[in-house]
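Accompanying notes for the structure given below.
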Amino acid sequence: MTHQRTTRRPELARFLRAKRARLRPQDVGLPCGDRRRAPGLRRQEVAQLAAVSIDWYIRLEQGRVGIPGAEVLDAIARALLLSPAERRHLHLIGRGEAPMMDAAVPVPVSDSLLALLNGMPLLPAYLTDFRCDILARNAAAAALFGENFGIGEAANSACLIFLDPRTRETQLDWTRIARETVGNLRADFARHREDARLAEVIARLRQESAEFAAWWDDHTVRERSHGVKRIRHPVAGEMTVAYDILATLGDSHQRLFVVTPVDAATERALRALMTDHGRTMTGRPPRATQETAAAPAQARMPG
């Protein structure tokens with residue numbers, strides 16, 4: 001730990017000097033004043049804007065202070081007009097940990113992400129935010145999870161896992177998947193404590209699911225990004241699939257879930273589901289099979 005703190009100090013000093021040099025006094029509401037020998041703000045001006053001691057800030061830029069507090073780093077980030085990515089970097093090199101995130105602002109799904117979803121016709125995929133709200137899904141996801149997936153009562157993947165009996169029946173590894181979901185929500189709650197929608201989702205799950213309440217109270221943190229699970233589909237039967245969770249960069253905090261077959265049998269089953277779904281959507285009858293004749297409506301099975 002001592003070595004890490006020592007090696008971070010020169011990087012922190014260089015970063016602060018570089019960000020100070022890019023600003024002009026008028027950028028931060030200060031008078032231009034006399035001609036300057038060096039570009040950018042003076043150290044005393046940054047200290048004034050951040051409401052810290054001039055001597056302390058000089059020593060900070062020289063790498064001669066200990067670990068600065070998170071609030072002080074946030075004040076310096078505001079003084080230097082740092083972007084969210086630069087603020088995060090400042091905390092990482094200054095304290096060795098990421099800062100608390102600012103209140104999330106809803107961001108619409110980009111056209112490029114929608115194109116990516118729709119460009120994977122054979123792979124079920126959907127997009128969520130950190131609240132587990134389903135923002136978009138492709139046709140393959142609708143074929144696997146059902147046409148209502150992502151709509152109305154089926155609009156939140158965590159609520160589906162804990163509160164929808166049909167989803168629970170289809171998840172043959174339900175306990176593991178459910179605990180992973182709790183762990184993800186716990187990690188996201190630490191980052192977004194002030195988010196009202198996230199608090200609403202957690203409160204509902206704690207009230208309506210005894211298992212969620214028990215696992216939430218044991219403070220499990222388990223951020224998943226990849227795994228394999230077994231699902232039982234009412235038409236396609238039992239399948240083994242992999243799931244990968246890809247986080248988008250930037251301030252949207254959106255995540256792309258992609259389901260892929262693990263074996264040849266599952267690949268054939270998924271292809272058959274996609275074909276039948278395409279026939280249904282175009283008004284053509286699906287292929288007649290013994291399973292489709294007796295199968296109930298498609299179940300919802302979030303990854």
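Labeling convention for the structure tokens: chains A, B, ... as they appear, residues from 1 per chain, ligands from 1 in order of appearance.
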
Just list as a PyMOL selection string whatever in segment 37-181 of chain A DSSP marks as strand (DSSP E). chain A and resi 125-128+134-137

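Shell of segment 109-121 of chain A at 10 Å, with only C-alpha atoms counted and residues fewer than 2 places along the chain excluded, is Pro106, Val107, Leu123, Pro124, Ala125, Tyr126, Leu127, Thr128, Asp129, Leu135, Ala136, Arg137, Asn138, Ala139, Ala140, Ala141, Thr248, Ser252, Gln254, Leu256, Phe257, Val258, Arg271 and Met274 of chain A.
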
Hey, can you spit out that residue selection with N, CA, C and O atoms as a short mmCIF file (atom, residue, chain, number, x, y, z; two decimals), in the first residue's frame?
```
data_model
loop_
_atom_site.label_atom_id
_atom_site.label_comp_id
_atom_site.auth_asym_id
_atom_site.auth_seq_id
_atom_site.Cartn_x
_atom_site.Cartn_y
_atom_site.Cartn_z
N PRO A 106 -31.44 10.35 -16.65
CA PRO A 106 -31.85 9.39 -17.67
C PRO A 106 -31.31 9.76 -19.04
O PRO A 106 -31.39 10.90 -19.47
N VAL A 107 -30.72 8.78 -19.69
CA VAL A 107 -30.14 8.98 -21.02
C VAL A 107 -30.86 8.06 -21.99
O VAL A 107 -30.96 6.85 -21.74
N LEU A 123 -28.88 -13.78 -31.66
CA LEU A 123 -28.44 -13.73 -30.27
C LEU A 123 -29.40 -12.87 -29.45
O LEU A 123 -29.49 -11.66 -29.69
N PRO A 124 -30.12 -13.44 -28.50
CA PRO A 124 -30.98 -12.64 -27.63
C PRO A 124 -30.15 -11.61 -26.87
O PRO A 124 -29.14 -11.95 -26.25
N ALA A 125 -30.58 -10.37 -26.93
CA ALA A 125 -29.84 -9.30 -26.26
C ALA A 125 -30.80 -8.22 -25.82
O ALA A 125 -31.83 -7.97 -26.46
N TYR A 126 -30.46 -7.59 -24.71
CA TYR A 126 -31.29 -6.49 -24.21
C TYR A 126 -30.41 -5.52 -23.43
O TYR A 126 -29.31 -5.86 -22.99
N LEU A 127 -30.91 -4.32 -23.27
CA LEU A 127 -30.18 -3.23 -22.63
C LEU A 127 -30.90 -2.82 -21.36
O LEU A 127 -32.13 -2.64 -21.35
N THR A 128 -30.15 -2.68 -20.26
CA THR A 128 -30.73 -2.21 -19.00
C THR A 128 -29.94 -1.04 -18.47
O THR A 128 -28.84 -0.74 -18.93
N ASP A 129 -30.51 -0.37 -17.46
CA ASP A 129 -29.74 0.62 -16.71
C ASP A 129 -29.36 -0.01 -15.37
O ASP A 129 -29.62 -1.20 -15.13
N LEU A 135 -34.42 -1.29 -21.03
CA LEU A 135 -34.58 -0.12 -21.88
C LEU A 135 -34.88 -0.49 -23.32
O LEU A 135 -35.56 0.28 -24.03
N ALA A 136 -34.38 -1.62 -23.78
CA ALA A 136 -34.60 -2.05 -25.16
C ALA A 136 -34.23 -3.52 -25.25
O ALA A 136 -33.45 -4.04 -24.44
N ARG A 137 -34.82 -4.22 -26.23
CA ARG A 137 -34.46 -5.62 -26.47
C ARG A 137 -34.65 -5.89 -27.95
O ARG A 137 -35.39 -5.20 -28.65
N ASN A 138 -33.94 -6.91 -28.45
CA ASN A 138 -34.06 -7.22 -29.87
C ASN A 138 -35.10 -8.31 -30.09
O ASN A 138 -35.69 -8.85 -29.14
N ALA A 139 -35.32 -8.65 -31.37
CA ALA A 139 -36.33 -9.64 -31.71
C ALA A 139 -35.98 -11.02 -31.15
O ALA A 139 -36.86 -11.79 -30.76
N ALA A 140 -34.68 -11.33 -31.10
CA ALA A 140 -34.27 -12.62 -30.56
C ALA A 140 -34.61 -12.73 -29.08
O ALA A 140 -35.01 -13.80 -28.59
N ALA A 141 -34.46 -11.64 -28.34
CA ALA A 141 -34.84 -11.65 -26.92
C ALA A 141 -36.34 -11.83 -26.77
O ALA A 141 -36.80 -12.54 -25.86
N THR A 248 -21.58 0.08 -20.94
CA THR A 248 -21.24 1.18 -21.83
C THR A 248 -20.42 2.21 -21.08
O THR A 248 -20.59 2.40 -19.88
N SER A 252 -24.20 7.15 -19.17
CA SER A 252 -25.51 6.51 -19.28
C SER A 252 -25.69 5.37 -18.29
O SER A 252 -26.81 5.04 -17.92
N GLN A 254 -25.51 2.29 -18.75
CA GLN A 254 -26.31 1.24 -19.38
C GLN A 254 -25.48 -0.02 -19.58
O GLN A 254 -24.25 0.04 -19.71
N LEU A 256 -25.36 -3.93 -21.62
CA LEU A 256 -25.85 -4.79 -22.68
C LEU A 256 -25.71 -6.25 -22.25
O LEU A 256 -24.61 -6.71 -21.95
N PHE A 257 -26.84 -6.96 -22.19
CA PHE A 257 -26.86 -8.38 -21.85
C PHE A 257 -26.99 -9.18 -23.15
O PHE A 257 -27.92 -8.94 -23.93
N VAL A 258 -26.10 -10.13 -23.35
CA VAL A 258 -26.14 -10.95 -24.56
C VAL A 258 -26.13 -12.42 -24.15
O VAL A 258 -25.32 -12.84 -23.32
N ARG A 271 -32.09 -21.24 -32.80
CA ARG A 271 -32.38 -20.93 -34.20
C ARG A 271 -33.83 -21.26 -34.54
O ARG A 271 -34.49 -20.51 -35.26
N MET A 274 -36.03 -18.52 -33.13
CA MET A 274 -35.95 -17.31 -33.93
C MET A 274 -36.77 -17.45 -35.22
O MET A 274 -37.47 -16.54 -35.64
#
```

From a DSSP pass on the backbone, collect the residues of segment 45-284 of chain A flagged as alpha helix (DSSP H) and hand them back as a VMD selection string. chain A and resid 45 to 50 54 to 61 70 to 79 84 to 95 111 to 118 139 to 145 157 to 163 165 to 170 174 to 191 196 to 208 210 to 217 264 to 281

When you look at Phe189 of chain A with a cut-off of 9 Å (counting only C-alpha atoms), what residues show up, excluding the ones that are within fewer than 3 positions of it in the same chain? I need them as an MDAnalysis selection string. chainID A and resid 130:131 184:186 192:195 198:199 202

May I have the residues from that selection written out with N, CA and C atoms, as an mmCIF file, in the first residue's frame?
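As written to disk, selection34.cif reads:
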```
data_model
loop_
_atom_site.group_PDB
_atom_site.id
_atom_site.type_symbol
_atom_site.label_atom_id
_atom_site.label_comp_id
_atom_site.auth_asym_id
_atom_site.auth_seq_id
_atom_site.Cartn_x
_atom_site.Cartn_y
_atom_site.Cartn_z
ATOM 1 N N PHE A 130 -28.746 0.774 -14.469
ATOM 2 C CA PHE A 130 -28.275 0.218 -13.201
ATOM 3 C C PHE A 130 -29.419 -0.117 -12.252
ATOM 4 N N ARG A 131 -30.628 0.277 -12.594
ATOM 5 C CA ARG A 131 -31.802 -0.066 -11.779
ATOM 6 C C ARG A 131 -32.416 -1.401 -12.194
ATOM 7 N N ASN A 184 -25.400 -7.412 -7.532
ATOM 8 C CA ASN A 184 -25.288 -6.299 -8.468
ATOM 9 C C ASN A 184 -26.036 -5.072 -7.966
ATOM 10 N N LEU A 185 -27.241 -5.284 -7.462
ATOM 11 C CA LEU A 185 -28.021 -4.154 -6.952
ATOM 12 C C LEU A 185 -27.340 -3.517 -5.744
ATOM 13 N N ARG A 186 -26.726 -4.329 -4.898
ATOM 14 C CA ARG A 186 -26.025 -3.792 -3.727
ATOM 15 C C ARG A 186 -24.858 -2.906 -4.174
ATOM 16 N N HIS A 192 -25.113 4.821 -6.306
ATOM 17 C CA HIS A 192 -26.250 5.695 -6.643
ATOM 18 C C HIS A 192 -27.246 5.743 -5.469
ATOM 19 N N ARG A 193 -26.761 6.098 -4.296
ATOM 20 C CA ARG A 193 -27.609 6.075 -3.103
ATOM 21 C C ARG A 193 -28.764 7.071 -3.178
ATOM 22 N N GLU A 194 -28.620 8.116 -3.949
ATOM 23 C CA GLU A 194 -29.651 9.139 -3.995
ATOM 24 C C GLU A 194 -30.659 8.907 -5.115
ATOM 25 N N ASP A 195 -30.539 7.817 -5.843
ATOM 26 C CA ASP A 195 -31.433 7.582 -6.978
ATOM 27 C C ASP A 195 -32.770 7.048 -6.479
ATOM 28 N N LEU A 198 -34.026 3.600 -8.117
ATOM 29 C CA LEU A 198 -33.313 2.441 -7.594
ATOM 30 C C LEU A 198 -33.810 2.099 -6.188
ATOM 31 N N ALA A 199 -33.999 3.121 -5.360
ATOM 32 C CA ALA A 199 -34.518 2.893 -4.009
ATOM 33 C C ALA A 199 -35.912 2.273 -4.059
ATOM 34 N N ILE A 202 -35.566 -1.507 -4.947
ATOM 35 C CA ILE A 202 -35.060 -2.271 -3.806
ATOM 36 C C ILE A 202 -36.128 -2.401 -2.727
#
```

Exercise: Ala269 of chain A partners within 12 Å, only C-alpha atoms, chain neighbours under 5 positions left out, as a ChimeraX atom specification: /A:122-123,143-144,231-241,260-264,274-276,291

So that I can check the surroundings of His219 of chain A, please list as a ChimeraX atom specification every protein, DNA and RNA residue that reaches within 8 Å of it, counting only C-alpha atoms and ignoring chain neighbours fewer than 3 positions away. /A:183,186,215-216

Grab the residues selected above and save them as a PDB file, in the first residue's frame with all heavy atoms.
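Printed below is part_20.pdb as written:
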```pdb
ATOM      1  N   GLY A 183     -26.422  -9.059  -5.495  1.00  0.00           N
ATOM      2  CA  GLY A 183     -25.079  -8.502  -5.385  1.00  0.00           C
ATOM      3  C   GLY A 183     -24.856  -7.329  -6.314  1.00  0.00           C
ATOM      4  O   GLY A 183     -24.220  -6.340  -5.942  1.00  0.00           O
ATOM      5  N   ARG A 186     -26.726  -4.329  -4.898  1.00  0.00           N
ATOM      6  CA  ARG A 186     -26.025  -3.792  -3.727  1.00  0.00           C
ATOM      7  C   ARG A 186     -24.858  -2.906  -4.174  1.00  0.00           C
ATOM      8  O   ARG A 186     -24.649  -1.818  -3.643  1.00  0.00           O
ATOM      9  CB  ARG A 186     -25.519  -4.951  -2.864  1.00  0.00           C
ATOM     10  CG  ARG A 186     -24.558  -4.557  -1.765  1.00  0.00           C
ATOM     11  CD  ARG A 186     -25.196  -3.704  -0.699  1.00  0.00           C
ATOM     12  NE  ARG A 186     -26.115  -4.454   0.132  1.00  0.00           N
ATOM     13  CZ  ARG A 186     -26.807  -3.898   1.146  1.00  0.00           C
ATOM     14  NH1 ARG A 186     -26.673  -2.606   1.406  1.00  0.00           N
ATOM     15  NH2 ARG A 186     -27.646  -4.614   1.865  1.00  0.00           N
ATOM     16  N   TRP A 215     -31.164 -11.903   1.587  1.00  0.00           N
ATOM     17  CA  TRP A 215     -29.877 -11.764   0.910  1.00  0.00           C
ATOM     18  C   TRP A 215     -29.414 -10.313   0.882  1.00  0.00           C
ATOM     19  O   TRP A 215     -28.215 -10.038   0.918  1.00  0.00           O
ATOM     20  CB  TRP A 215     -29.973 -12.326  -0.507  1.00  0.00           C
ATOM     21  CG  TRP A 215     -30.158 -13.818  -0.516  1.00  0.00           C
ATOM     22  CD1 TRP A 215     -29.773 -14.694   0.464  1.00  0.00           C
ATOM     23  CD2 TRP A 215     -30.787 -14.603  -1.527  1.00  0.00           C
ATOM     24  NE1 TRP A 215     -30.124 -15.974   0.119  1.00  0.00           N
ATOM     25  CE2 TRP A 215     -30.749 -15.956  -1.096  1.00  0.00           C
ATOM     26  CE3 TRP A 215     -31.387 -14.307  -2.756  1.00  0.00           C
ATOM     27  CZ2 TRP A 215     -31.267 -16.994  -1.859  1.00  0.00           C
ATOM     28  CZ3 TRP A 215     -31.905 -15.343  -3.509  1.00  0.00           C
ATOM     29  CH2 TRP A 215     -31.844 -16.671  -3.058  1.00  0.00           C
ATOM     30  N   TRP A 216     -30.355  -9.384   0.827  1.00  0.00           N
ATOM     31  CA  TRP A 216     -29.971  -7.972   0.871  1.00  0.00           C
ATOM     32  C   TRP A 216     -29.353  -7.644   2.225  1.00  0.00           C
ATOM     33  O   TRP A 216     -28.353  -6.924   2.309  1.00  0.00           O
ATOM     34  CB  TRP A 216     -31.186  -7.086   0.610  1.00  0.00           C
ATOM     35  CG  TRP A 216     -30.866  -5.625   0.607  1.00  0.00           C
ATOM     36  CD1 TRP A 216     -31.017  -4.740   1.643  1.00  0.00           C
ATOM     37  CD2 TRP A 216     -30.324  -4.864  -0.474  1.00  0.00           C
ATOM     38  NE1 TRP A 216     -30.603  -3.482   1.275  1.00  0.00           N
ATOM     39  CE2 TRP A 216     -30.173  -3.526  -0.025  1.00  0.00           C
ATOM     40  CE3 TRP A 216     -29.958  -5.187  -1.779  1.00  0.00           C
ATOM     41  CZ2 TRP A 216     -29.661  -2.519  -0.833  1.00  0.00           C
ATOM     42  CZ3 TRP A 216     -29.447  -4.185  -2.589  1.00  0.00           C
ATOM     43  CH2 TRP A 216     -29.311  -2.862  -2.119  1.00  0.00           C
TER      44      TRP A 216
END
```

Please report as a Markdown table every residue of segment 197-265 of chain A lying within 8 Å of segment 150-174 of chain A, along with the nearest atom pair and their distance in Å (one decimal), using only C-alpha atoms.
```
| residue | atom | partner | partner_atom | distance |
| --- | --- | --- | --- | --- |
| A:Val201 | CA | A:Cys159 | CA | 7.8 |
| A:Leu205 | CA | A:Cys159 | CA | 6.9 |
| A:Glu208 | CA | A:Leu163 | CA | 7.4 |
| A:Ser209 | CA | A:Phe162 | CA | 6.5 |
| A:Phe212 | CA | A:Phe162 | CA | 7.3 |
| A:Lys229 | CA | A:Asp173 | CA | 6.2 |
| A:Arg230 | CA | A:Leu172 | CA | 5.4 |
| A:Ile231 | CA | A:Gln171 | CA | 4.9 |
| A:Arg232 | CA | A:Thr170 | CA | 4.7 |
| A:His233 | CA | A:Thr170 | CA | 6.3 |
```

Selected residues written out, N, CA, C and O atoms, as a PDB file, in the first residue's frame:
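Saved result, again-v5.pdb, follows:
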```pdb
ATOM      1  N   VAL A 201     -37.140   0.279  -6.467  1.00  0.00           N
ATOM      2  CA  VAL A 201     -37.013  -1.122  -6.866  1.00  0.00           C
ATOM      3  C   VAL A 201     -36.577  -1.973  -5.677  1.00  0.00           C
ATOM      4  O   VAL A 201     -37.149  -3.039  -5.410  1.00  0.00           O
ATOM      5  N   LEU A 205     -38.729  -5.014  -3.744  1.00  0.00           N
ATOM      6  CA  LEU A 205     -38.214  -6.376  -3.656  1.00  0.00           C
ATOM      7  C   LEU A 205     -38.067  -6.821  -2.207  1.00  0.00           C
ATOM      8  O   LEU A 205     -38.368  -7.974  -1.869  1.00  0.00           O
ATOM      9  N   GLU A 208     -41.699  -7.634  -1.009  1.00  0.00           N
ATOM     10  CA  GLU A 208     -42.467  -8.702  -1.648  1.00  0.00           C
ATOM     11  C   GLU A 208     -41.716 -10.014  -1.780  1.00  0.00           C
ATOM     12  O   GLU A 208     -42.316 -11.031  -2.144  1.00  0.00           O
ATOM     13  N   SER A 209     -40.410 -10.025  -1.495  1.00  0.00           N
ATOM     14  CA  SER A 209     -39.637 -11.262  -1.597  1.00  0.00           C
ATOM     15  C   SER A 209     -38.822 -11.467  -0.336  1.00  0.00           C
ATOM     16  O   SER A 209     -37.889 -10.709  -0.056  1.00  0.00           O
ATOM     17  N   PHE A 212     -35.147 -12.124  -1.250  1.00  0.00           N
ATOM     18  CA  PHE A 212     -34.394 -10.914  -1.548  1.00  0.00           C
ATOM     19  C   PHE A 212     -34.049 -10.171  -0.269  1.00  0.00           C
ATOM     20  O   PHE A 212     -32.912  -9.713  -0.091  1.00  0.00           O
ATOM     21  N   LYS A 229     -25.687 -20.648 -17.477  1.00  0.00           N
ATOM     22  CA  LYS A 229     -26.857 -21.085 -16.734  1.00  0.00           C
ATOM     23  C   LYS A 229     -27.718 -21.994 -17.593  1.00  0.00           C
ATOM     24  O   LYS A 229     -27.575 -22.048 -18.824  1.00  0.00           O
ATOM     25  N   ARG A 230     -28.595 -22.726 -16.914  1.00  0.00           N
ATOM     26  CA  ARG A 230     -29.539 -23.606 -17.593  1.00  0.00           C
ATOM     27  C   ARG A 230     -30.944 -23.011 -17.484  1.00  0.00           C
ATOM     28  O   ARG A 230     -31.339 -22.525 -16.422  1.00  0.00           O
ATOM     29  N   ILE A 231     -31.655 -23.045 -18.589  1.00  0.00           N
ATOM     30  CA  ILE A 231     -33.027 -22.550 -18.598  1.00  0.00           C
ATOM     31  C   ILE A 231     -33.930 -23.610 -19.235  1.00  0.00           C
ATOM     32  O   ILE A 231     -33.495 -24.402 -20.076  1.00  0.00           O
ATOM     33  N   ARG A 232     -35.165 -23.652 -18.778  1.00  0.00           N
ATOM     34  CA  ARG A 232     -36.156 -24.571 -19.336  1.00  0.00           C
ATOM     35  C   ARG A 232     -37.213 -23.762 -20.068  1.00  0.00           C
ATOM     36  O   ARG A 232     -38.017 -23.063 -19.459  1.00  0.00           O
ATOM     37  N   HIS A 233     -37.199 -23.835 -21.376  1.00  0.00           N
ATOM     38  CA  HIS A 233     -38.138 -23.083 -22.196  1.00  0.00           C
ATOM     39  C   HIS A 233     -39.351 -23.952 -22.498  1.00  0.00           C
ATOM     40  O   HIS A 233     -39.213 -25.143 -22.773  1.00  0.00           O
TER      41      HIS A 233
END
```

Give me, as a count of residues only, all polymer residues having an atom no more than 6 Å from segment 38-55 of chain A, counting only C-alpha atoms and skipping those fewer than 2 positions away in the same chain. 11

Which residue out of A:Glu267, A:Ala77, A:Pro31, A:Ala210 has the minimum interatomic distance to His89 of chain A when only C-alpha atoms are used?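 Of all the options, A:Ala77 lies closest to His89 of chain A.
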
Quote the spacing between atom CA of Ile245 of chain A and atom CA of Thr280 of chain A in Å to one decimal place.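 We find that atom CA of Ile245 of chain A and atom CA of Thr280 of chain A lie 28.9 Å from each other.
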
Record the distance separating atom CA of Asp133 of chain A and atom CA of Gln207 of chain A, expressed in Å with one decimal.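 Separating atom CA of Asp133 of chain A from atom CA of Gln207 of chain A is a distance of 18.4 Å.
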
Just give me the gap between atom CA of Cys132 of chain A and atom CA of Arg176 of chain A in Å, one decimal is fine.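 Between atom CA of Cys132 of chain A and atom CA of Arg176 of chain A the gap is 17.0 Å.
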
Compare A:His277, A:Arg179, A:Arg78, A:Ala196 by their minimum atom-to-atom distance to Asp218 of chain A, counting only C-alpha atoms, and give me the closest one.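 Closest residue, counting only C-alpha atoms: A:Arg179.
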